[in-house]
Structure formats: structure tokens, C-alpha cells
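Enquirer: Before anything else, here's the structure in question.
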2 protein chains.
Amino acid sequence: MNNNLPQVFWHQPKLTINNRRILNQHKSCVIWLTGLSASGKSTLANELDKYLYNQSIRSYVLDGDNVRHGLNKDLGFSPEDRKENIRRICEVAQLFVDAGLITIAAFISPYLEDRKTVRAMFPLGEFIEVYVKCSVEECERRDPKGLYKMARTNQLKEFTGISAPYEISENPELTIETDKQSVESSILQLAEYLKTHGYLQSI
Amino acid sequence: MNNNLPQVFWHQPKLTINNRRILNQHKSCVIWLTGLSASGKSTLANELDKYLYNQSIRSYVLDGDNVRHGLNKDLGFSPEDRKENIRRICEVAQLFVDAGLITIAAFISPYLEDRKTVRAMFPLGEFIEVYVKCSVEECERRDPKGLYKMARTNQLKEFTGISAPYEISENPELTIETDKQSVESSILQLAEYLKTHGYLQSI
């Protein structure tokens with residue numbers, strides 16, 4: 001057998017996103033957690049990941065740990081670098097969604113325009129913005145990495161919530177108030193959203 | 001219930017790569033297809049992807065189509081840009097392997113040193129180098145994108161195989177000769193390798 005002819009060789013249809021959703025028996029999308037440092041984004045991301053895992057749903061977390069220290073380790077915090085940071089994250093999230101995974105992105109992403117840009121890169125319904133709301137006071141009280149302390153003493157410049165703005169969306173798909181809700185109730189709120197909007201079933 | 005205390009909030013164990021492998025019932029790794037332009041890398045990548053899909057194995061293809069036109073669209077072909085291109089691909093491949101997928105990467109990657117660098121970024125056994133071997137003559141005969149023609153008329157500079165080297169590895173895990181084998185036999189060879197080396201079963 002020899003099917004090395006160019007016309008055979010070069011026009012094999014590829015698997016589509018729908019093929020992968022059928023295999024996984026659920027839809028794929030990006031859940032974009034945005035909010036202040038220490039608002040609870042990473043915690044919620046990882047807890048949701050575990051919750052979905054326990055239901056045999058394929059998901060993955062993209063956050064500062066695996067992006068700022070890996071793919072984007074060449075980027076700083078200048079306006080251009082912040083923009084490039086978000087651009088690359090968005091491109092990677094698109095690959096993960098295409099691969100059929102519920103992709104949980106946890107990034108401060110303080111600017112409305114940036115979040116709008118990301119949203120626009122996904123088909124309708126595939127970008128779920130979740131505002132992880134928590135007062136600056138509570139975030140500063142938690143301050144697990146000591147970043148607020150550094151921001152207050154000017155060791156960190158342009159720190160979101162202290163010396164740089166966080167721009168609240170008017171219409172995120174979900175708002176979770178981590179200074180009022182438990183982690184458990186937050187995860188149930190997220191899961192309920194995914195369930196009632198049909199994400200946890202196949203196409 | 002209120003478990004918002006910082007010590008509860010910030011130390012939730014995350015899912016590991018092994019958790020994901022157990023859910024998927026197979027290991028994850030990167031299959032790195034390297035070879036000349038038109039040697040058949042993308043074809044093999046997509047055919048292998050489909051073959052694995054039909055066995056309910058989670059896989060995904062990373063290639064020029066979804067990387068050079070997305071994540072790496074800001075990069076050209078200077079030595080620095082080529083290096084950055086490979087670095088980012090490698091970082092993304094690591095995320096996909098961590099997510100539990102058999103990640104099929106199809107890139108010319110002509111330099112030994114670059115491929116060694118990529119290999120070193122994965123644990124032993126998680127990087128499978130596949131040399132997609134095909135004579136320059138046959139690649140040039142196929143020339144589906146007209147690139148060889150452009151290289152011969154100097155419209156493309158530093159074209160691998162014509163005016164820039166392809167450095168052959170001494171010890172790729174597999175060599176597939178697409179000018180001698182059919183696509184079907186190539187896929188069976190790849191699948192046999194994965195099967196006999198335990199990749200298609202859980203940990």
C-alpha cells in the first residue's frame with residue numbers, strides 16, 4: 001500500500017473541537033477569574049478543578065504559577081509586558097479550549113479593556129468572566145505573599161488596589177464574594193452556573 | 001460555615017499530573033515530530049491524533065498552524081526568534097502534558113541543540129523524539145506550499161534542507177521514513193511504540 005501521493009498526504013481532515021467535546025462528554029470553555037491579589041482566585045481555580053475532576057470532567061488551571069514562571073517568565077510589569085502577558089495567556093487558553101478542556105484562568109487582569117479583548121477572542125458562550133470580589137481591606141488582611149505590605153511601603157509600585165486601579169466589569173457572568181462566602185459555597189455557585197448553562201453535558 | 005481563614009484558604013493541595021493520568025487511563029507525554037518542511041510531520045501528527053481519539057485517548061496537536069499564527073505570531077525567523085519560538089512551544093507542551101494529554105508537536109526544529117534543550121525540560125520518558133525522515137528530493141517534489149520553489153529562487157533565505165542545515169539526531173526514539181512508508185504504516189509504528197512502552201495505560 002502506498003498512499004503517499006500529495007493529494008492524499010496533505011488533505012486529511014483534522015479533529016475538531018466538537019469531536020473532543022463528544023469524547024469528553026462535556027463542553028469546553030474558559031472560566032476567567034479576575035480580582036485583586038489575595039481575593040481567592042487561585043484557591044477557587046484549584047478547588048473548582050478538583051470538583052470537576054471528581055465528576056470526570058477534564059479541566060486545567062492556568063495561573064501565575066505556571067505562566068509567569070514558565071511561558072511568560074521573560075515578561076515584566078510594564079504596560080507592554082502586561083498586554084503581552086494577557087495576549088499569550090489568551091492564546092494558550094484558546095488551545096486548551098480547542099483541546100476540549102474546561103480551562104480555568106486565574107489572573108488579576110485589572111483592566112476592563114484587556115478583559116474585553118480576551119472575551120472577544122472566544123466564540124459567544126465560551127468565555128465566562130467571574131469577578132472574584134473581595135474588599136481591599138480583607139485582601140490586605142490576608143496578604144499571604146506579603147505583597148500588600150510591600151505596596152504600602154513603596155517596595156512595589158503600581159500595585160492593583162493600592163496604587164493602581166482595578167476596573168470592575170458591569171456584566172461579569174458571575175460574581176463571587178470571597179469575603180462573604182465560604183470556598184465551598186463559591187464552588188457550588190460556579191458548578192451550578194456551569195450545570196444550568198449546559199457546559200457539563202456534551203454537545 | 002466559614003473556612004475563609006488564610007491558612008485554610010491558601011494551602012489546598014492541587015491536582016497532580018498523576019491524578020489526570022488516572023482519570024484519562026493513559027500516560028501523558030510529548031511526541032516531538034521533527035524533520036524537513038513537507039516531510040509529513042503535520043500529516044502524521046493529525047493522523048496520530050485521530051488514531052488515539054478513536055481509542056478514547058486524550059491528545060492534542062501543537063504545530064505551526066496553531067502556534068506560529070497564534071501564540072508566536074510576533075516572532076520571525078531570526079536566531080533569537082527561532083529560539084524563543086521553541087521555548088514557548090516547549091512551555092506550552094509542558095502545560096499540556098501536565099494536563100494529562102498526549103501532546104503531539106510538529107515542528108521542523110532543525111537544530112540538535114534546540115531539541116536537546118526541549119528534551120531536557122521533560123522528565124525521562126516524557127519526551128519522545130520522532131525523526132520524520134524524507135529525502136530533500138522527495139520533499140521538494142511534494143512542495144505543497146511552494147516553499148522549496150521559493151527557496152531555490154532565493155525568495156526564501158535560510159531554508160532548512162536547501163540553504164540551512166537540518167541536523168539529524170543520533171538517537172531519536174523513532175525514525176519514520178515517509179518516502180518509503182505509507183501514512184498507515186507510520187501511524188501503526190507510532191502506536192506500537194506508545195503501546196509497548198506503556199504510554200497507553202494508566203500509571
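FYI, nothing fancy with the C-alpha cells labels: chains A, B, ... in order, residues from 1 per chain, ligands from 1 as they appear.
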Residues of chain B within 9 Å of chain A, counting only C-alpha atoms, what are they? List them as a VMD selection string.
Expert: chain B and resid 1 to 7 9 to 15 19 to 20 23 to 24 40 42 to 43 46 to 47 49 to 50 53 56 to 62 66 to 67 70 to 72 87 to 92 95 to 96 98 to 99 142 to 144 178 to 185
Enquirer: Run DSSP on the backbone and grab whatever in segment 113-159 of chain A lands in strand (DSSP E or B); send it over as JSON, numbers by chain.
Expert: {"A": [127, 128, 129, 130, 131, 132, 133]}
Enquirer: Using backbone DSSP assignments, extract all alpha helix (DSSP H) residues from chain A; output them as a PyMOL selection string.
Expert: chain A and resi 6-9+17-24+41-53+64-66+79-98+112-120+136-142+147-152+183-196
Enquirer: Just the number, please: distance in Å from atom CA of Glu138 of chain A to atom CA of Arg115 of chain A, one decimal.
Expert: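 Between these atoms lies a distance of 23.9 Å.
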Enquirer: Identify, on the basis of only C-alpha atoms, every residue whose closest approach to Glu129 of chain B does not exceed 6 Å; exclude the query and any residue fewer than 6 positions from it along the same chain; express the result as an MDAnalysis selection string.
Expert: chainID B and resid 32 172:173
Enquirer: Print the selection's residues with N, CA, C and O atoms to a file, as a PDB file, in the first residue's frame.
Expert:
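Here's the written file part_21.pdb:
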ATOM      1  N   TRP B  32       7.483  14.478  19.797  1.00  0.00           N
ATOM      2  CA  TRP B  32       8.066  15.614  19.077  1.00  0.00           C
ATOM      3  C   TRP B  32       8.456  15.170  17.660  1.00  0.00           C
ATOM      4  O   TRP B  32       9.454  14.476  17.472  1.00  0.00           O
ATOM      5  N   PRO B 172      17.095   9.389  18.011  1.00  0.00           N
ATOM      6  CA  PRO B 172      15.666   9.660  18.234  1.00  0.00           C
ATOM      7  C   PRO B 172      14.998   8.369  18.698  1.00  0.00           C
ATOM      8  O   PRO B 172      15.482   7.273  18.380  1.00  0.00           O
ATOM      9  N   GLU B 173      13.906   8.505  19.430  1.00  0.00           N
ATOM     10  CA  GLU B 173      13.203   7.305  19.882  1.00  0.00           C
ATOM     11  C   GLU B 173      12.648   6.536  18.682  1.00  0.00           C
ATOM     12  O   GLU B 173      12.565   5.305  18.710  1.00  0.00           O
TER      13      GLU B 173
END
Enquirer: Point out the residue among A:Tyr131, A:Phe159, A:Tyr148, A:Tyr111 with the least atom-to-atom distance to Thr175 of chain A, counting only C-alpha atoms.
Expert: A:Tyr131
Enquirer: Rank B:Arg21, B:Lys41, B:Lys116, B:Lys27 by their smallest atom-to-atom distance to Ile168 of chain B, using only C-alpha atoms, and report the top residue only.
Expert: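 Between B:Arg21, B:Lys41, B:Lys116, B:Lys27, the residue approaching Ile168 of chain B most closely is B:Lys116.
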Enquirer: Can you list, as a PyMOL selection string, every protein, DNA or RNA residue that comes within 12 Å of Ile128 of chain A when you count only C-alpha atoms, leaving out same-chain residues fewer than 5 positions away?
Expert: chain A and resi 28-34+102-106+115-116+118-120+122-123+171-175+190+193-194+197+199
